[in-house]
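Structure data follow from upload.cif (mmCIF, C-alpha atoms):
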```
data_start
#
loop_
_atom_site.group_PDB
_atom_site.id
_atom_site.type_symbol
_atom_site.label_atom_id
_atom_site.label_comp_id
_atom_site.auth_asym_id
_atom_site.auth_seq_id
_atom_site.Cartn_x
_atom_site.Cartn_y
_atom_site.Cartn_z
ATOM 1 C CA MET A 1 21.202 2.643 -9.985
ATOM 2 C CA ARG A 2 21.482 -0.715 -11.745
ATOM 3 C CA LEU A 3 18.706 -3.267 -11.261
ATOM 4 C CA VAL A 4 20.783 -5.736 -9.230
ATOM 5 C CA GLN A 5 21.941 -2.942 -6.898
ATOM 6 C CA LEU A 6 18.403 -1.633 -6.464
ATOM 7 C CA LEU A 7 17.074 -5.085 -5.574
ATOM 8 C CA ALA A 8 19.737 -5.424 -2.880
ATOM 9 C CA VAL A 9 18.837 -2.020 -1.428
ATOM 10 C CA LEU A 10 15.120 -2.800 -1.473
ATOM 11 C CA ALA A 11 15.605 -6.137 0.257
ATOM 12 C CA CYS A 12 17.202 -4.303 3.170
ATOM 13 C CA ALA A 13 14.797 -1.363 3.212
ATOM 14 C CA LEU A 14 11.492 -3.203 2.763
ATOM 15 C CA GLY A 15 12.319 -6.691 3.997
ATOM 16 C CA LEU A 16 12.012 -5.579 7.613
ATOM 17 C CA ALA A 17 8.605 -3.964 7.173
ATOM 18 C CA ALA A 18 6.532 -3.757 10.343
ATOM 19 C CA PHE A 19 3.342 -3.534 8.230
ATOM 20 C CA LEU A 20 1.241 -1.214 10.343
ATOM 21 C CA GLY A 21 2.442 -1.773 13.843
ATOM 22 C CA GLU A 22 1.462 0.593 16.628
ATOM 23 C CA SER A 23 1.687 3.796 14.628
ATOM 24 C CA SER A 24 -0.378 5.845 17.076
ATOM 25 C CA SER A 25 2.644 6.255 19.361
ATOM 26 C CA ALA A 26 4.635 8.336 16.886
ATOM 27 C CA THR A 27 5.374 11.963 17.692
ATOM 28 C CA ALA A 28 6.590 15.008 15.798
ATOM 29 C CA SER A 29 10.113 16.026 16.739
ATOM 30 C CA ALA A 30 10.849 19.523 17.942
ATOM 31 C CA THR A 31 12.987 20.303 14.898
ATOM 32 C CA GLY A 32 11.549 20.696 11.433
ATOM 33 C CA GLY A 33 8.296 18.850 12.145
ATOM 34 C CA CYS A 34 9.914 15.469 11.442
ATOM 35 C CA VAL A 35 8.090 12.403 12.710
ATOM 36 C CA SER A 36 9.702 9.901 15.071
ATOM 37 C CA ASP A 37 8.252 6.666 16.382
ATOM 38 C CA ALA A 38 8.140 6.378 20.155
ATOM 39 C CA ASP A 39 8.445 2.581 19.863
ATOM 40 C CA GLY A 40 11.803 3.040 18.163
ATOM 41 C CA ASN A 41 11.134 0.997 15.016
ATOM 42 C CA GLY A 42 10.929 4.068 12.772
ATOM 43 C CA TYR A 43 7.612 3.214 11.060
ATOM 44 C CA THR A 44 4.887 5.847 10.691
ATOM 45 C CA TYR A 45 1.666 5.855 8.642
ATOM 46 C CA ALA A 46 -1.090 7.983 7.133
ATOM 47 C CA GLY A 47 -3.979 6.051 5.607
ATOM 48 C CA HIS A 48 -7.131 3.997 6.051
ATOM 49 C CA GLN A 49 -8.365 0.462 6.668
ATOM 50 C CA ALA A 50 -11.740 -0.612 5.271
ATOM 51 C CA ASN A 51 -14.752 -1.093 7.517
ATOM 52 C CA VAL A 52 -15.326 -4.628 6.168
ATOM 53 C CA ALA A 53 -13.314 -7.698 5.252
ATOM 54 C CA GLY A 54 -12.907 -8.069 1.510
ATOM 55 C CA HIS A 55 -11.466 -10.116 -1.315
ATOM 56 C CA GLY A 56 -9.301 -7.365 -2.763
ATOM 57 C CA ILE A 57 -8.470 -3.680 -2.931
ATOM 58 C CA ARG A 58 -7.581 -1.346 -5.776
ATOM 59 C CA ALA A 59 -6.589 2.304 -6.107
ATOM 60 C CA THR A 60 -5.050 4.772 -8.496
ATOM 61 C CA ILE A 61 -1.938 6.041 -6.688
ATOM 62 C CA THR A 62 0.041 9.128 -7.685
ATOM 63 C CA PRO A 63 3.175 10.572 -6.040
ATOM 64 C CA SER A 64 1.894 14.148 -6.132
ATOM 65 C CA ARG A 65 5.211 15.763 -5.210
ATOM 66 C CA SER A 66 8.839 14.657 -5.217
ATOM 67 C CA LEU A 67 9.600 12.000 -2.610
ATOM 68 C CA SER A 68 12.457 12.981 -0.292
ATOM 69 C CA VAL A 69 14.109 10.156 1.667
ATOM 70 C CA ALA A 70 16.761 11.054 4.233
ATOM 71 C CA ALA A 71 16.934 7.484 5.568
ATOM 72 C CA GLY A 72 15.064 4.235 4.969
ATOM 73 C CA HIS A 73 12.085 4.478 2.613
ATOM 74 C CA VAL A 74 8.672 5.980 1.899
ATOM 75 C CA ALA A 75 5.797 4.212 0.136
ATOM 76 C CA GLY A 76 2.158 4.516 -0.857
ATOM 77 C CA TRP A 77 0.451 1.134 -1.145
ATOM 78 C CA VAL A 78 -2.685 -1.001 -1.032
ATOM 79 C CA GLY A 79 -2.826 -4.467 0.464
ATOM 80 C CA VAL A 80 -4.317 -7.001 2.857
ATOM 81 C CA GLY A 81 -3.132 -9.002 5.857
ATOM 82 C CA GLY A 82 -0.423 -8.206 8.387
ATOM 83 C CA PRO A 83 1.657 -9.539 11.290
ATOM 84 C CA GLY A 84 -0.065 -12.498 12.942
ATOM 85 C CA GLN A 85 -2.967 -12.392 10.476
ATOM 86 C CA GLY A 86 -2.314 -15.695 8.704
ATOM 87 C CA ALA A 87 -3.148 -19.285 9.613
ATOM 88 C CA ASN A 88 -2.089 -20.248 13.157
ATOM 89 C CA GLY A 89 -1.132 -16.642 13.882
ATOM 90 C CA GLU A 90 1.600 -16.541 11.235
ATOM 91 C CA ASP A 91 2.653 -13.338 9.510
ATOM 92 C CA ALA A 92 0.920 -13.110 6.133
ATOM 93 C CA TRP A 93 0.276 -10.198 3.793
ATOM 94 C CA ILE A 94 0.411 -8.986 0.215
ATOM 95 C CA GLN A 95 0.729 -5.408 -1.026
ATOM 96 C CA VAL A 96 1.569 -3.362 -4.119
ATOM 97 C CA GLY A 97 2.695 0.241 -4.206
ATOM 98 C CA ILE A 98 5.005 3.057 -5.233
ATOM 99 C CA ALA A 99 8.078 3.635 -3.081
ATOM 100 C CA SER A 100 11.468 5.296 -2.883
ATOM 101 C CA VAL A 101 14.543 4.547 -0.815
ATOM 102 C CA GLU A 102 17.458 6.821 -0.062
ATOM 103 C CA GLY A 103 19.409 7.517 -3.240
ATOM 104 C CA THR A 104 16.931 5.993 -5.732
ATOM 105 C CA ALA A 105 14.176 7.222 -8.025
ATOM 106 C CA PRO A 106 10.616 6.063 -7.219
ATOM 107 C CA TYR A 107 9.817 2.490 -8.234
ATOM 108 C CA LEU A 108 6.831 0.160 -8.428
ATOM 109 C CA TYR A 109 6.936 -2.950 -6.242
ATOM 110 C CA ALA A 110 4.941 -5.858 -4.849
ATOM 111 C CA GLU A 111 5.652 -7.612 -1.559
ATOM 112 C CA PHE A 112 4.212 -10.713 0.070
ATOM 113 C CA VAL A 113 4.773 -12.793 3.198
ATOM 114 C CA ARG A 114 3.391 -16.279 3.734
ATOM 115 C CA GLY A 115 3.866 -19.039 6.264
ATOM 116 C CA GLY A 116 5.633 -16.669 8.653
ATOM 117 C CA ARG A 117 8.662 -16.521 6.339
ATOM 118 C CA GLN A 118 10.661 -13.447 5.332
ATOM 119 C CA PRO A 119 9.025 -10.900 2.989
ATOM 120 C CA GLN A 120 9.449 -11.534 -0.740
ATOM 121 C CA LEU A 121 9.963 -8.425 -2.879
ATOM 122 C CA ILE A 122 9.134 -8.093 -6.583
ATOM 123 C CA LEU A 123 10.411 -5.040 -8.473
ATOM 124 C CA LEU A 124 7.819 -4.202 -11.152
ATOM 125 C CA ASP A 125 9.029 -0.906 -12.652
ATOM 126 C CA GLU A 126 11.756 1.701 -12.115
ATOM 127 C CA ASN A 127 12.345 5.436 -12.496
ATOM 128 C CA LEU A 128 8.736 6.497 -11.996
ATOM 129 C CA ARG A 129 7.947 10.177 -12.456
ATOM 130 C CA THR A 130 6.261 12.522 -10.006
ATOM 131 C CA GLY A 131 2.654 13.179 -10.992
ATOM 132 C CA VAL A 132 2.258 9.974 -13.029
ATOM 133 C CA SER A 133 -0.530 7.667 -11.797
ATOM 134 C CA ARG A 134 -0.583 3.869 -11.677
ATOM 135 C CA ARG A 135 -3.674 1.706 -11.217
ATOM 136 C CA LEU A 136 -2.785 -0.894 -8.586
ATOM 137 C CA ALA A 137 -4.724 -3.796 -7.089
ATOM 138 C CA VAL A 138 -4.424 -6.867 -4.906
ATOM 139 C CA LEU A 139 -7.197 -9.347 -5.701
ATOM 140 C CA GLU A 140 -8.159 -12.825 -4.514
ATOM 141 C CA THR A 141 -8.787 -15.239 -7.377
ATOM 142 C CA SER A 142 -12.259 -16.699 -7.898
ATOM 143 C CA ALA A 143 -10.905 -20.096 -8.968
ATOM 144 C CA GLN A 144 -8.614 -20.523 -5.946
ATOM 145 C CA PRO A 145 -9.950 -18.939 -2.727
ATOM 146 C CA GLY A 146 -7.030 -17.907 -0.535
ATOM 147 C CA SER A 147 -4.802 -17.222 -3.561
ATOM 148 C CA TRP A 148 -4.035 -13.620 -4.532
ATOM 149 C CA ARG A 149 -2.578 -11.773 -7.500
ATOM 150 C CA VAL A 150 -1.122 -8.303 -7.946
ATOM 151 C CA TRP A 151 -2.546 -6.237 -10.810
ATOM 152 C CA VAL A 152 -1.003 -3.142 -12.424
ATOM 153 C CA ASP A 153 -2.838 -0.937 -14.918
ATOM 154 C CA GLY A 154 -5.527 -3.543 -15.501
ATOM 155 C CA ARG A 155 -3.418 -6.665 -15.977
ATOM 156 C CA PRO A 156 -2.033 -9.318 -13.596
ATOM 157 C CA VAL A 157 1.712 -9.127 -12.950
ATOM 158 C CA THR A 158 2.127 -12.089 -10.570
ATOM 159 C CA LYS A 159 1.045 -15.695 -10.515
ATOM 160 C CA PRO A 160 -1.519 -16.651 -7.826
ATOM 161 C CA ILE A 161 0.123 -16.439 -4.394
ATOM 162 C CA ARG A 162 -1.366 -18.788 -1.801
ATOM 163 C CA LEU A 163 -1.909 -17.256 1.661
ATOM 164 C CA ARG A 164 -3.450 -19.805 4.021
ATOM 165 C CA GLY A 165 -6.351 -18.619 6.144
ATOM 166 C CA SER A 166 -6.846 -15.411 4.167
ATOM 167 C CA SER A 167 -10.097 -15.801 2.228
ATOM 168 C CA GLY A 168 -12.701 -13.253 3.303
ATOM 169 C CA ARG A 169 -10.925 -12.498 6.608
ATOM 170 C CA TRP A 170 -8.883 -9.339 6.032
ATOM 171 C CA ALA A 171 -10.003 -5.714 5.926
ATOM 172 C CA PRO A 172 -8.078 -4.059 3.057
ATOM 173 C CA ILE A 173 -5.671 -1.166 3.646
ATOM 174 C CA ALA A 174 -4.695 1.922 1.612
ATOM 175 C CA THR A 175 -1.911 3.936 3.213
ATOM 176 C CA ALA A 176 1.304 5.892 2.968
ATOM 177 C CA GLU A 177 4.252 4.656 5.009
ATOM 178 C CA SER A 178 7.598 6.061 6.112
ATOM 179 C CA TRP A 179 10.503 4.234 7.731
ATOM 180 C CA ASN A 180 13.619 6.122 8.810
ATOM 181 C CA GLY A 181 15.447 3.196 10.380
ATOM 182 C CA GLY A 182 14.597 4.365 13.885
ATOM 183 C CA GLY A 183 16.912 7.363 13.557
ATOM 184 C CA SER A 184 16.313 11.087 13.219
ATOM 185 C CA GLY A 185 16.104 11.246 9.412
ATOM 186 C CA CYS A 186 13.208 13.316 8.069
ATOM 187 C CA ASN A 187 11.385 11.696 5.134
ATOM 188 C CA MET A 188 8.877 13.682 3.070
ATOM 189 C CA PHE A 189 6.097 12.313 0.860
ATOM 190 C CA ALA A 190 2.727 13.067 -0.712
ATOM 191 C CA PHE A 191 0.614 10.310 -2.280
ATOM 192 C CA ARG A 192 -2.778 10.851 -3.885
ATOM 193 C CA PHE A 193 -5.158 7.865 -3.684
ATOM 194 C CA GLU A 194 -8.200 7.838 -5.974
ATOM 195 C CA ARG A 195 -10.927 5.357 -6.866
ATOM 196 C CA VAL A 196 -10.064 3.271 -3.809
ATOM 197 C CA SER A 197 -12.360 0.235 -3.915
ATOM 198 C CA VAL A 198 -12.929 -3.045 -2.088
ATOM 199 C CA SER A 199 -13.816 -6.285 -3.876
ATOM 200 C CA PHE A 200 -16.718 -8.134 -2.282
ATOM 201 C CA GLY A 201 -16.000 -11.319 -4.224
ATOM 202 C CA GLY A 202 -13.061 -13.223 -5.652
ATOM 203 C CA GLY A 203 -12.125 -12.096 -9.150
ATOM 204 C CA GLY A 204 -13.439 -8.554 -8.642
ATOM 205 C CA SER A 205 -16.836 -7.239 -7.531
ATOM 206 C CA TRP A 206 -15.853 -3.662 -6.783
ATOM 207 C CA ARG A 207 -17.577 -1.174 -4.499
ATOM 208 C CA PRO A 208 -16.317 2.153 -3.142
ATOM 209 C CA PHE A 209 -14.042 1.932 -0.112
ATOM 210 C CA VAL A 210 -15.491 3.007 3.249
ATOM 211 C CA SER A 211 -12.980 3.753 6.000
ATOM 212 C CA GLY A 212 -13.400 1.895 9.266
ATOM 213 C CA HIS A 213 -10.089 2.889 10.848
ATOM 214 C CA ARG A 214 -7.633 5.715 10.259
ATOM 215 C CA PHE A 215 -3.842 5.505 10.591
ATOM 216 C CA LEU A 216 -2.448 8.980 11.260
ATOM 217 C CA ASP A 217 0.787 9.579 13.102
ATOM 218 C CA ASN A 218 1.519 13.026 14.469
ATOM 219 C CA GLY A 219 3.226 15.169 11.840
ATOM 220 C CA HIS A 220 1.497 13.422 8.921
ATOM 221 C CA LYS A 221 -1.670 14.637 7.173
ATOM 222 C CA LEU A 222 -4.760 13.069 5.607
ATOM 223 C CA GLN A 223 -6.871 15.208 3.280
ATOM 224 C CA SER A 224 -10.199 13.760 2.177
ATOM 225 C CA LEU A 225 -11.009 14.442 -1.485
ATOM 226 C CA ALA A 226 -14.137 12.359 -2.138
ATOM 227 C CA GLU A 227 -16.153 10.097 0.146
ATOM 228 C CA ALA A 228 -17.923 6.913 -0.954
ATOM 229 C CA PRO A 229 -21.490 7.293 -2.303
ATOM 230 C CA ALA A 230 -24.112 7.076 0.422
ATOM 231 C CA LEU A 231 -25.495 3.808 -0.936
ATOM 232 C CA GLY A 232 -22.128 2.347 -1.930
ATOM 233 C CA GLY A 233 -23.101 2.255 -5.611
ATOM 234 C CA SER A 234 -20.930 1.016 -8.461
ATOM 235 C CA TYR A 235 -18.647 3.264 -10.481
ATOM 236 C CA ALA A 236 -19.220 4.417 -14.015
ATOM 237 C CA SER A 237 -16.927 2.651 -16.479
ATOM 238 C CA GLU A 238 -15.080 5.893 -17.224
ATOM 239 C CA PRO A 239 -14.485 8.929 -14.982
ATOM 240 C CA SER A 240 -16.185 12.153 -15.997
ATOM 241 C CA GLY A 241 -15.031 15.693 -15.355
ATOM 242 C CA SER A 242 -12.017 16.691 -13.281
ATOM 243 C CA SER A 243 -13.339 15.749 -9.831
ATOM 244 C CA PRO A 244 -11.599 12.812 -8.114
ATOM 245 C CA LEU A 245 -13.569 9.579 -7.948
ATOM 246 C CA PRO A 246 -14.330 8.254 -4.458
ATOM 247 C CA TYR A 247 -12.924 7.003 -2.288
ATOM 248 C CA ALA A 248 -10.130 9.575 -2.630
ATOM 249 C CA PHE A 249 -7.615 11.171 -0.274
ATOM 250 C CA VAL A 250 -4.099 12.596 -0.061
ATOM 251 C CA ALA A 251 -1.603 11.265 2.502
ATOM 252 C CA SER A 252 1.388 13.516 3.124
ATOM 253 C CA SER A 253 4.108 14.471 5.580
#
```

Written as structure tokens, how would this file's structure read?
Amino acid sequence: MRLVQLLAVLACALGLAAFLGESSSATASATGGCVSDADGNGYTYAGHQANVAGHGIRATITPSRSLSVAAGHVAGWVGVGGPGQGANGEDAWIQVGIASVEGTAPYLYAEFVRGGRQPQLILLDENLRTGVSRRLAVLETSAQPGSWRVWVDGRPVTKPIRLRGSSGRWAPIATAESWNGGGSGCNMFAFRFERVSVSFGGGGSWRPFVSGHRFLDNGHKLQSLAEAPALGGSYASEPSGSSPLPYAFVASS
């Protein structure tokens, strides 16, 4: 699919994102184990929210099997904020992740909402391969509190994005998401999250993620791979061995 066509598709598929609404009301349908949302908006989730507010979140995210989208989209992402979380109760958030919509190969994207306006989508990379990891982060800047940047594979890929009322207020999120448009389409996904971390200061002061809340709709699965160290210690500069680095989990349908 050509870039201009893909951007048009993504604007429709992701621009209506509910961003973690009431996912606990979803149920598994009687046929094929597909998940449907009792609220009718089609959004379901499998992931975690940190137990503390932070100044950023990072993770290595891998689509660990082929993403199958019957309708809408699937995504694995990290981010902060949400509906009504900005200044004066406005919608405000920023996220970065790997996603796929019906009829497209997986792609890398960033999305932000500010001032209660419509979501803004940034396409960062196309035609991603199953099993290939990307290091993704959303991080508040130290020079401009309340301004955030998206990072991919260790480098910034956006300019600072100002989100009023955000500094030090939001508990970061790492989750998989499926949206089937409120219909009966059955979307399938598996995302592996490793080295999930929360920044305790602008510009990056990383500590292992500790889950304070779990998003898990019926029919989805969360498999813990590695918990945070008991004392929340810092990571080594390079991973050693084949074991996943905490915090690590797999979210799948």

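Minimum atom-to-atom distances from A:Ser66, A:Ser253, A:Gln95, A:Thr175 to A:Tyr109 were compared using only C-alpha atoms, and the lowest value belongs to A:Gln95.
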
(message) Would you pick out the contacts of A:Leu163 at 7 Å or less, using all atoms listed in the file, so that residues sharing its chain but fewer than 6 positions from it are not included, and give the list as a list in words?
(response)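 Result of the neighbour search: Ala92, Arg114, Gly146 and Ser147 of chain A.
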
(message) Let me make sure I understand: among A:Ala53, A:Ala174, A:Ala46, A:Ala143, which one has the smallest atom-to-atom distance to A:Gly97 if we use all atoms listed in the file?
(response)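 Answer, going by the shortest atom-to-atom distance: A:Ala174.
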
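Using all atoms listed in the file for every distance, the candidate list A:Gly212, A:Gly154, A:Gly219, A:Pro106 yields A:Pro106 as the residue closest to A:Leu123.
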
Report as a PDB file with C-alpha atoms, keeping the file's coordinate frame all protein, DNA and RNA residues lying within 10 Å of stretch 167-170 of chain A, evaluated on only C-alpha atoms, omitting residues in the same chain fewer than 5 positions from it.
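Output contents, as saved in out-v9.pdb:
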```
ATOM      1  CA  GLN A  49      -8.365   0.462   6.668  1.00  0.00           C
ATOM      2  CA  ALA A  50     -11.740  -0.612   5.271  1.00  0.00           C
ATOM      3  CA  VAL A  52     -15.326  -4.628   6.168  1.00  0.00           C
ATOM      4  CA  ALA A  53     -13.314  -7.698   5.252  1.00  0.00           C
ATOM      5  CA  GLY A  54     -12.907  -8.069   1.510  1.00  0.00           C
ATOM      6  CA  HIS A  55     -11.466 -10.116  -1.315  1.00  0.00           C
ATOM      7  CA  GLY A  56      -9.301  -7.365  -2.763  1.00  0.00           C
ATOM      8  CA  GLY A  79      -2.826  -4.467   0.464  1.00  0.00           C
ATOM      9  CA  VAL A  80      -4.317  -7.001   2.857  1.00  0.00           C
ATOM     10  CA  GLY A  81      -3.132  -9.002   5.857  1.00  0.00           C
ATOM     11  CA  GLY A  82      -0.423  -8.206   8.387  1.00  0.00           C
ATOM     12  CA  GLN A  85      -2.967 -12.392  10.476  1.00  0.00           C
ATOM     13  CA  GLY A  86      -2.314 -15.695   8.704  1.00  0.00           C
ATOM     14  CA  TRP A  93       0.276 -10.198   3.793  1.00  0.00           C
ATOM     15  CA  GLU A 140      -8.159 -12.825  -4.514  1.00  0.00           C
ATOM     16  CA  THR A 141      -8.787 -15.239  -7.377  1.00  0.00           C
ATOM     17  CA  GLN A 144      -8.614 -20.523  -5.946  1.00  0.00           C
ATOM     18  CA  PRO A 145      -9.950 -18.939  -2.727  1.00  0.00           C
ATOM     19  CA  GLY A 146      -7.030 -17.907  -0.535  1.00  0.00           C
ATOM     20  CA  SER A 147      -4.802 -17.222  -3.561  1.00  0.00           C
ATOM     21  CA  TRP A 148      -4.035 -13.620  -4.532  1.00  0.00           C
ATOM     22  CA  PHE A 200     -16.718  -8.134  -2.282  1.00  0.00           C
ATOM     23  CA  GLY A 201     -16.000 -11.319  -4.224  1.00  0.00           C
ATOM     24  CA  GLY A 202     -13.061 -13.223  -5.652  1.00  0.00           C
TER      25      GLY A 202
END
```

(request) Would you list the contacts of stretch 177-188 of chain A as a ChimeraX atom specification, taking every protein, DNA or RNA residue within 6 Å and counting only C-alpha atoms, but skipping same-chain residues closer than 2 positions in sequence? (result) /A:34,40-45,67-75,253

Let me see the file: selected residues, C-alpha atoms, as a PDB file, in the frame of the given file.
```
ATOM      1  CA  CYS A  34       9.914  15.469  11.442  1.00  0.00           C
ATOM      2  CA  GLY A  40      11.803   3.040  18.163  1.00  0.00           C
ATOM      3  CA  ASN A  41      11.134   0.997  15.016  1.00  0.00           C
ATOM      4  CA  GLY A  42      10.929   4.068  12.772  1.00  0.00           C
ATOM      5  CA  TYR A  43       7.612   3.214  11.060  1.00  0.00           C
ATOM      6  CA  THR A  44       4.887   5.847  10.691  1.00  0.00           C
ATOM      7  CA  TYR A  45       1.666   5.855   8.642  1.00  0.00           C
ATOM      8  CA  LEU A  67       9.600  12.000  -2.610  1.00  0.00           C
ATOM      9  CA  SER A  68      12.457  12.981  -0.292  1.00  0.00           C
ATOM     10  CA  VAL A  69      14.109  10.156   1.667  1.00  0.00           C
ATOM     11  CA  ALA A  70      16.761  11.054   4.233  1.00  0.00           C
ATOM     12  CA  ALA A  71      16.934   7.484   5.568  1.00  0.00           C
ATOM     13  CA  GLY A  72      15.064   4.235   4.969  1.00  0.00           C
ATOM     14  CA  HIS A  73      12.085   4.478   2.613  1.00  0.00           C
ATOM     15  CA  VAL A  74       8.672   5.980   1.899  1.00  0.00           C
ATOM     16  CA  ALA A  75       5.797   4.212   0.136  1.00  0.00           C
ATOM     17  CA  SER A 253       4.108  14.471   5.580  1.00  0.00           C
TER      18      SER A 253
END
```

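One finds atom CA of A:Gly103 at 15.6 Å from atom CA of A:Thr130.
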
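When atom CA of A:Gly116 is paired with atom CA of A:Pro160, their separation reads 18.0 Å.
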
(request) Tell me, in Å to one decimal, how far atom CA of A:Leu108 is from atom CA of A:Glu126. (result)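 Computed distance, atom CA of A:Leu108 to atom CA of A:Glu126, equals 6.3 Å.
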
(request) With the file shown as input, list the residues that the PyMOL selection byres ((chain A and resi 156) around 12) selects, as a list in words. (result)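 Residues picked by the PyMOL selection byres ((chain A and resi 156) around 12): Val96, Ala110, Leu124, Arg135, Leu136, Ala137, Val138, Leu139, Glu140, Thr141, Trp148, Arg149, Val150, Trp151, Val152, Asp153, Gly154, Arg155, Val157, Thr158, Lys159, Pro160, Ile161 and Gly203 of chain A.
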
(request) Name the residues that the PyMOL selection byres ((chain A and resi 133) around 7) picks from the file above, as a PyMOL selection string, using the file's chain letters and numbers. (result) chain A and resi 60-62+131-132+134-135

Kindly export the residues of the current selection with C-alpha atoms, as an mmCIF file, in the coordinates of the input.
```cif
data_model
loop_
_atom_site.group_PDB
_atom_site.id
_atom_site.type_symbol
_atom_site.label_atom_id
_atom_site.label_comp_id
_atom_site.auth_asym_id
_atom_site.auth_seq_id
_atom_site.Cartn_x
_atom_site.Cartn_y
_atom_site.Cartn_z
ATOM 1 C CA THR A 60 -5.050 4.772 -8.496
ATOM 2 C CA ILE A 61 -1.938 6.041 -6.688
ATOM 3 C CA THR A 62 0.041 9.128 -7.685
ATOM 4 C CA GLY A 131 2.654 13.179 -10.992
ATOM 5 C CA VAL A 132 2.258 9.974 -13.029
ATOM 6 C CA ARG A 134 -0.583 3.869 -11.677
ATOM 7 C CA ARG A 135 -3.674 1.706 -11.217
#
```

(request) Counting all atoms listed in the file, figure out which residue out of A:Ile94, A:Ile173, A:Val198, A:Leu225 gets nearest to A:His213. (result) A:Ile173

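Distances to A:Ser197 were evaluated for A:Gly115, A:Pro172, A:Ala251, A:Asp217 using only C-alpha atoms, and the minimum falls at A:Pro172.
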
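Of the listed residues A:Leu128, A:Ala99, A:Leu245, A:Ala176, the one whose atoms come nearest to A:Leu216 is A:Ala176, with distances taken using all atoms listed in the file.
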
Residues within 8 Å of A:Val210, please, as an mmCIF file with C-alpha atoms, in the frame of the given file. Count only C-alpha atoms; anything in the same chain fewer than 3 positions from it doesn't count.
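result_20.cif was written with the following content:
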```cif
data_model
loop_
_atom_site.group_PDB
_atom_site.id
_atom_site.type_symbol
_atom_site.label_atom_id
_atom_site.label_comp_id
_atom_site.auth_asym_id
_atom_site.auth_seq_id
_atom_site.Cartn_x
_atom_site.Cartn_y
_atom_site.Cartn_z
ATOM 1 C CA ALA A 50 -11.740 -0.612 5.271
ATOM 2 C CA ASN A 51 -14.752 -1.093 7.517
ATOM 3 C CA GLU A 227 -16.153 10.097 0.146
ATOM 4 C CA ALA A 228 -17.923 6.913 -0.954
ATOM 5 C CA TYR A 247 -12.924 7.003 -2.288
#
```

Complete the atoms of stretch 202-213 of chain A to N, CA, C and O atoms and put them out as a short mmCIF file (atom, residue, chain, number, x, y, z; two decimals), in the coordinates of the input.
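The resulting rebuild31.cif:
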```
data_model
loop_
_atom_site.label_atom_id
_atom_site.label_comp_id
_atom_site.auth_asym_id
_atom_site.auth_seq_id
_atom_site.Cartn_x
_atom_site.Cartn_y
_atom_site.Cartn_z
N GLY A 202 -14.27 -12.86 -4.94
CA GLY A 202 -13.06 -13.22 -5.65
C GLY A 202 -13.18 -12.92 -7.13
O GLY A 202 -14.25 -13.09 -7.73
N GLY A 203 -12.11 -12.43 -7.74
CA GLY A 203 -12.12 -12.10 -9.15
C GLY A 203 -12.56 -10.69 -9.45
O GLY A 203 -12.44 -10.23 -10.59
N GLY A 204 -13.10 -9.96 -8.45
CA GLY A 204 -13.44 -8.55 -8.64
C GLY A 204 -14.92 -8.28 -8.68
O GLY A 204 -15.60 -8.57 -9.66
N SER A 205 -15.47 -7.75 -7.61
CA SER A 205 -16.84 -7.24 -7.53
C SER A 205 -16.74 -5.94 -6.74
O SER A 205 -16.94 -5.92 -5.53
N TRP A 206 -16.38 -4.86 -7.43
CA TRP A 206 -15.85 -3.66 -6.78
C TRP A 206 -16.94 -2.72 -6.30
O TRP A 206 -17.91 -2.44 -7.01
N ARG A 207 -16.74 -2.22 -5.07
CA ARG A 207 -17.58 -1.17 -4.50
C ARG A 207 -16.68 -0.13 -3.85
O ARG A 207 -15.56 -0.45 -3.43
N PRO A 208 -17.15 1.11 -3.74
CA PRO A 208 -16.32 2.15 -3.14
C PRO A 208 -15.88 1.81 -1.72
O PRO A 208 -16.64 1.26 -0.93
N PHE A 209 -14.65 2.14 -1.42
CA PHE A 209 -14.04 1.93 -0.11
C PHE A 209 -14.74 2.81 0.93
O PHE A 209 -15.03 3.98 0.68
N VAL A 210 -14.99 2.25 2.10
CA VAL A 210 -15.49 3.01 3.25
C VAL A 210 -14.52 2.78 4.40
O VAL A 210 -14.24 1.64 4.77
N SER A 211 -13.99 3.87 4.95
CA SER A 211 -12.98 3.75 6.00
C SER A 211 -13.61 3.32 7.32
O SER A 211 -14.61 3.87 7.76
N GLY A 212 -12.98 2.32 7.95
CA GLY A 212 -13.40 1.90 9.27
C GLY A 212 -12.39 2.24 10.34
O GLY A 212 -12.70 2.24 11.53
N HIS A 213 -11.15 2.53 9.90
CA HIS A 213 -10.09 2.89 10.85
C HIS A 213 -9.08 3.77 10.13
O HIS A 213 -8.77 3.54 8.96
#
```
